[in-house]
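Report on the following structure.
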Amino acid sequence: MSHLLLVDAHAVLHRAYHSIPLLTVNGQPVNAIYGFYSMLLSALDQLKPDYLVVALDSPGPTFRQTEFVGYRAKRKTPDRDLLSQLPLLPQTLQSAQISAFSMGGYEADDLIATLVRRSLKKILRSKTGHRKKIIDKVTIITGDKDLMQLVDDRVCLYVPVRGLSETRIYTPVEVKEKLGVLPGQVVDLKALMGDMSDNYPGVSGIGPKAAVDLLTHYHSLDNIFRHLDDIKPSLREKLKTDKDNAYLSQRLATLIDNIPINFSLKSAKLTEMLFSGLLQLFDSYHFKSLSSRLRQKFNHSHPSRPNNHQPVQNSLF
């Protein structure tokens, strides 16, 4: 089974910054960078993927700000020590030769949705004409519940729940337990109740319980509005008043999965070169514990240069 690991970079970086005490190298804070790669090593060890891709947010506004000027307007400015580490992340990913993507106007979540859609559609045809899927499974490392809309029988989330050391896997069953709705209803749930973090409105006066009840009974936002006459008057009036806000919120919550990015699975394959690059990166930042973990786990004091393009066997994880 071929397994693709996608990383929601800035979600993990923010989590790492608030989980790891301040750490500096030559006066530069690097605790978020350290925590990011610590979690990445843990995920590689636990999940044993065959491919790895990191998705990053780009600076500047996205199409969601164009659609709704108040999108994320109430978010606090990150700490200066965290801001100083943001440029280091793409630099270190490039140094370690890890496949990474960003695109102006889109969030990392949209890139991840696009990568999920494209990778699961890729088919390998043998010389005999036999067809098989190249990617059988996708796992997404994130702390963002928006990505729960992508979960299905082949896509799951790997979510830190306490610092960086405790994690939880979200399949459709866990999404239903967490939110009260199925993954395919997550967007409509947010359309009804809004999102305080992203600062879009939803329907005023409808909270999580009422939203879940409506979707349990009517299944979708469209169907809710088709059956307004069947809904009790107090809820019906709220829905009528804020119908436009509900559909605006639905558009804002929906991830874009058709971004025109130049993506090759070959470049995302886990190889000896990647682990050699990680060791060099850890040594340059004096991340001695990460270097030790990598060497101990993979038994590579000095990864072999002649074989640096060879895939890493799953047994190493």
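In the structure tokens, the first chain shown is A, the next is B, and so on; residue numbers restart at 1 for each chain, and ligands run from 1 in the order shown.
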Open item on the list: With DSSP run on the backbone, what are the strand (DSSP E or B) residues within range 58-279 of chain A? I'd like them as JSON, numbers by chain.
Closed with: {"A": [100, 101, 123, 124, 125, 131, 132, 133, 137, 138, 139, 140, 141, 155, 156, 157, 158, 159, 160, 161, 162, 166, 167, 168, 169, 170, 195, 200, 269, 271]}
Enumerate, in order of chain and increasing residue number, the residues of range 17-127 of chain A with an atom no farther than 10 Å from range 246-249 of chain A, each with its shortest atom pair and distance in Å to one decimal, counting only C-alpha atoms, as a Markdown table.
```
| residue | atom | partner | partner_atom | distance |
| --- | --- | --- | --- | --- |
| A:Glu67 | CA | A:Leu248 | CA | 8.4 |
| A:Phe68 | CA | A:Leu248 | CA | 8.2 |
| A:Tyr71 | CA | A:Ser249 | CA | 10.0 |
```
Task: Leu255 in chain A environment, 8 Å, only C-alpha atoms, sequence neighbours closer than 2 positions dropped, as a PyMOL selection string - done: chain A and resi 109-110+113+252-253+257
Open item on the list: Excluding Met193 in chain A and its own-chain neighbours fewer than 3 positions away, which residues fall within 8 Å of it when counting only C-alpha atoms? Please give them as JSON, numbers by chain.
Closed with: {"A": [189, 190, 201, 202, 203, 204, 206, 207, 208, 211]}
Restricting it to C-alpha atoms, dump the selection as a short mmCIF file (atom, residue, chain, number, x, y, z; two decimals), in the first residue's frame.
```
data_model
loop_
_atom_site.label_atom_id
_atom_site.label_comp_id
_atom_site.auth_asym_id
_atom_site.auth_seq_id
_atom_site.Cartn_x
_atom_site.Cartn_y
_atom_site.Cartn_z
CA LEU A 189 -21.86 22.87 9.57
CA LYS A 190 -19.53 25.86 9.34
CA PRO A 201 -20.65 34.89 10.21
CA GLY A 202 -22.83 31.84 9.57
CA VAL A 203 -26.40 32.20 10.77
CA SER A 204 -26.76 34.44 13.81
CA ILE A 206 -27.43 29.08 15.47
CA GLY A 207 -24.76 27.31 17.49
CA PRO A 208 -23.18 23.85 17.20
CA ALA A 211 -26.54 23.21 13.40
#
```
Shell around Leu13 in chain A at 12 Å using only C-alpha atoms, local window under 5 positions removed, as a compact mmCIF listing (two decimals) with N, CA and C atoms, in the first residue's frame:
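This went into around.txt:
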```txt
# COMPACT_ATOMS: atom_id res chain seq x y z
N VAL A 7 1.73 17.64 4.94
CA VAL A 7 1.93 18.41 6.16
C VAL A 7 1.39 19.82 5.98
N ASP A 8 0.48 20.22 6.85
CA ASP A 8 -0.03 21.59 6.91
C ASP A 8 0.99 22.39 7.70
N HIS A 18 4.28 27.12 20.38
CA HIS A 18 3.64 27.22 21.69
C HIS A 18 3.88 25.99 22.56
N SER A 19 4.54 24.97 22.01
CA SER A 19 4.79 23.74 22.77
C SER A 19 6.23 23.60 23.22
N ILE A 20 7.14 24.30 22.53
CA ILE A 20 8.57 24.16 22.82
C ILE A 20 9.08 25.46 23.44
N VAL A 30 14.53 29.53 17.31
CA VAL A 30 14.34 28.38 16.42
C VAL A 30 13.49 27.30 17.06
N ASN A 31 12.81 27.62 18.16
CA ASN A 31 12.03 26.58 18.84
C ASN A 31 10.89 26.04 17.98
N ALA A 32 10.26 26.90 17.17
CA ALA A 32 9.18 26.43 16.29
C ALA A 32 9.73 25.52 15.20
N ILE A 33 10.90 25.87 14.67
CA ILE A 33 11.54 25.03 13.65
C ILE A 33 11.92 23.68 14.25
N TYR A 34 12.49 23.72 15.44
CA TYR A 34 12.85 22.48 16.12
C TYR A 34 11.62 21.60 16.33
N GLY A 35 10.54 22.20 16.85
CA GLY A 35 9.32 21.43 17.11
C GLY A 35 8.70 20.88 15.84
N PHE A 36 8.75 21.66 14.76
CA PHE A 36 8.20 21.20 13.48
C PHE A 36 8.89 19.91 13.04
N TYR A 37 10.21 19.92 13.07
CA TYR A 37 10.94 18.73 12.61
C TYR A 37 10.88 17.58 13.61
N SER A 38 10.73 17.90 14.87
CA SER A 38 10.53 16.85 15.87
C SER A 38 9.23 16.09 15.59
N MET A 39 8.16 16.85 15.31
CA MET A 39 6.88 16.21 15.01
C MET A 39 6.94 15.46 13.69
N LEU A 40 7.66 16.03 12.72
CA LEU A 40 7.79 15.34 11.43
C LEU A 40 8.48 13.99 11.60
N VAL A 54 4.99 18.96 1.82
CA VAL A 54 4.65 19.99 2.79
C VAL A 54 3.95 21.13 2.06
N ALA A 55 2.83 21.59 2.59
CA ALA A 55 2.08 22.72 2.01
C ALA A 55 2.22 23.93 2.94
N LEU A 56 2.54 25.08 2.34
CA LEU A 56 2.75 26.30 3.12
C LEU A 56 1.78 27.39 2.71
N ASP A 57 1.40 28.21 3.69
CA ASP A 57 0.66 29.43 3.38
C ASP A 57 1.60 30.44 2.74
N PRO A 78 0.93 37.34 15.26
CA PRO A 78 1.78 36.37 15.96
C PRO A 78 2.93 37.05 16.70
N LEU A 82 7.94 34.17 16.79
CA LEU A 82 7.38 33.25 15.81
C LEU A 82 7.51 33.82 14.40
N LEU A 83 7.19 35.10 14.24
CA LEU A 83 7.30 35.72 12.92
C LEU A 83 8.70 35.60 12.35
N GLN A 85 10.65 33.25 12.60
CA GLN A 85 10.96 31.88 12.18
C GLN A 85 10.21 31.46 10.91
N LEU A 86 9.19 32.24 10.53
CA LEU A 86 8.41 31.86 9.35
C LEU A 86 9.26 31.75 8.08
N PRO A 87 10.18 32.69 7.81
CA PRO A 87 10.99 32.53 6.60
C PRO A 87 11.94 31.34 6.66
N LEU A 88 12.26 30.89 7.87
CA LEU A 88 13.19 29.78 8.01
C LEU A 88 12.58 28.46 7.54
N LEU A 89 11.27 28.34 7.63
CA LEU A 89 10.64 27.07 7.30
C LEU A 89 10.84 26.68 5.84
N PRO A 90 10.47 27.52 4.85
CA PRO A 90 10.73 27.13 3.47
C PRO A 90 12.21 26.96 3.17
N ILE A 141 -1.08 15.87 8.30
CA ILE A 141 -0.73 16.38 9.63
C ILE A 141 -1.23 17.82 9.74
N THR A 142 -2.10 18.07 10.68
CA THR A 142 -2.68 19.41 10.83
C THR A 142 -3.31 19.54 12.21
N GLY A 143 -3.60 20.79 12.57
CA GLY A 143 -4.42 21.04 13.75
C GLY A 143 -5.68 21.77 13.36
N PRO A 160 -2.19 16.78 16.41
CA PRO A 160 -1.67 16.91 17.78
C PRO A 160 -2.78 17.39 18.71
N GLY A 163 0.25 19.38 23.15
CA GLY A 163 1.63 19.68 22.77
C GLY A 163 1.94 19.04 21.43
N LEU A 164 3.08 18.38 21.35
CA LEU A 164 3.46 17.66 20.14
C LEU A 164 3.54 16.17 20.35
```
TODO: Tell me, in Å to one decimal, how far CA of Asp136 in chain A is from CA of Leu182 in chain A.
DONE: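 Separation of CA of Asp136 in chain A and CA of Leu182 in chain A: 21.4 Å.
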Task: Near-Leu4 in chain A list (6 Å; only C-alpha atoms; drop same-chain fewer than 4 positions) as a list in words - done: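 Returned residues: Pro49, Tyr51, Leu52 and Val138 of chain A.
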With C-alpha atoms kept, could you save the residues just selected as a PDB file, in the first residue's frame?
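Written out: again_5.pdb:
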```pdb
ATOM      1  CA  PRO A  49       4.693   6.885   4.503  1.00  0.00           C
ATOM      2  CA  TYR A  51       5.841   9.994  -0.029  1.00  0.00           C
ATOM      3  CA  LEU A  52       6.078  13.333   1.770  1.00  0.00           C
ATOM      4  CA  VAL A 138      -3.251   9.900   2.391  1.00  0.00           C
TER       5      VAL A 138
END
```
- [ ] Excluding Lys209 in chain A and residues on its chain fewer than 5 positions from it, collect all residues at most 12 Å away from it, counting only C-alpha atoms, and give them as a VMD selection string.
- [x] chain A and resid 179 to 181 189 192 to 193 214 to 216
Quick one: contact table of range 56-142 of chain A to range 274-278 of chain A, 7 Å max, nearest atom pair and distance in Å to one decimal per residue, counting only C-alpha atoms, chain and number order, as a Markdown table?
```
| residue | atom | partner | partner_atom | distance |
| --- | --- | --- | --- | --- |
| A:Ser95 | CA | A:Gly277 | CA | 6.6 |
| A:Ala96 | CA | A:Gly277 | CA | 4.1 |
| A:Gln97 | CA | A:Leu274 | CA | 5.8 |
| A:Ile98 | CA | A:Leu274 | CA | 6.5 |
```
Open item on the list: Please report the interatomic distance between CA of Asp195 in chain A and CA of Gly105 in chain A in Å with one decimal.
Closed with: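 Result for CA of Asp195 in chain A versus CA of Gly105 in chain A: 20.3 Å, one decimal.
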Task: DSSP helix (DSSP H, G or I) residues within range 61-210 of chain A, listed as an MDAnalysis selection string - done: chainID A and resid 63:67 80:83 88:95 108:121 145:150 172:179 183:193 208:210
Task: Selected residue of minimal separation from Pro172 in chain A among A:Asp222, A:Asp188, A:Asp50, A:Asp153, counting only C-alpha atoms - done: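 Selected residue with least distance to Pro172 in chain A: A:Asp153.
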TODO: Can you work out which one of A:Gln28, A:Ser102, A:Ser292, A:Gln149 has the shortest atom-to-atom distance to Lys176 in chain A, counting only C-alpha atoms?
DONE: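 Of A:Gln28, A:Ser102, A:Ser292, A:Gln149, the one nearest Lys176 in chain A, counting only C-alpha atoms, is A:Gln149.
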Task: Counting only C-alpha atoms, the residue of A:Ser42, A:Gln280, A:Thr77, A:Thr24 that sits nearest Thr167 in chain A - done: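 Selected residue with least distance to Thr167 in chain A: A:Ser42.
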Open item on the list: Given only C-alpha atoms as the basis, pick out the residue of A:Lys266, A:His10, A:Arg75, A:Arg168 nearest to Ser119 in chain A.
Closed with: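 Distance minimum relative to Ser119 in chain A lands on A:Lys266.
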Open item on the list: Given only C-alpha atoms as the basis, pick out the residue of A:Leu270, A:Ile224, A:Leu111, A:Val159 nearest to Ser2 in chain A.
Closed with: A:Leu270
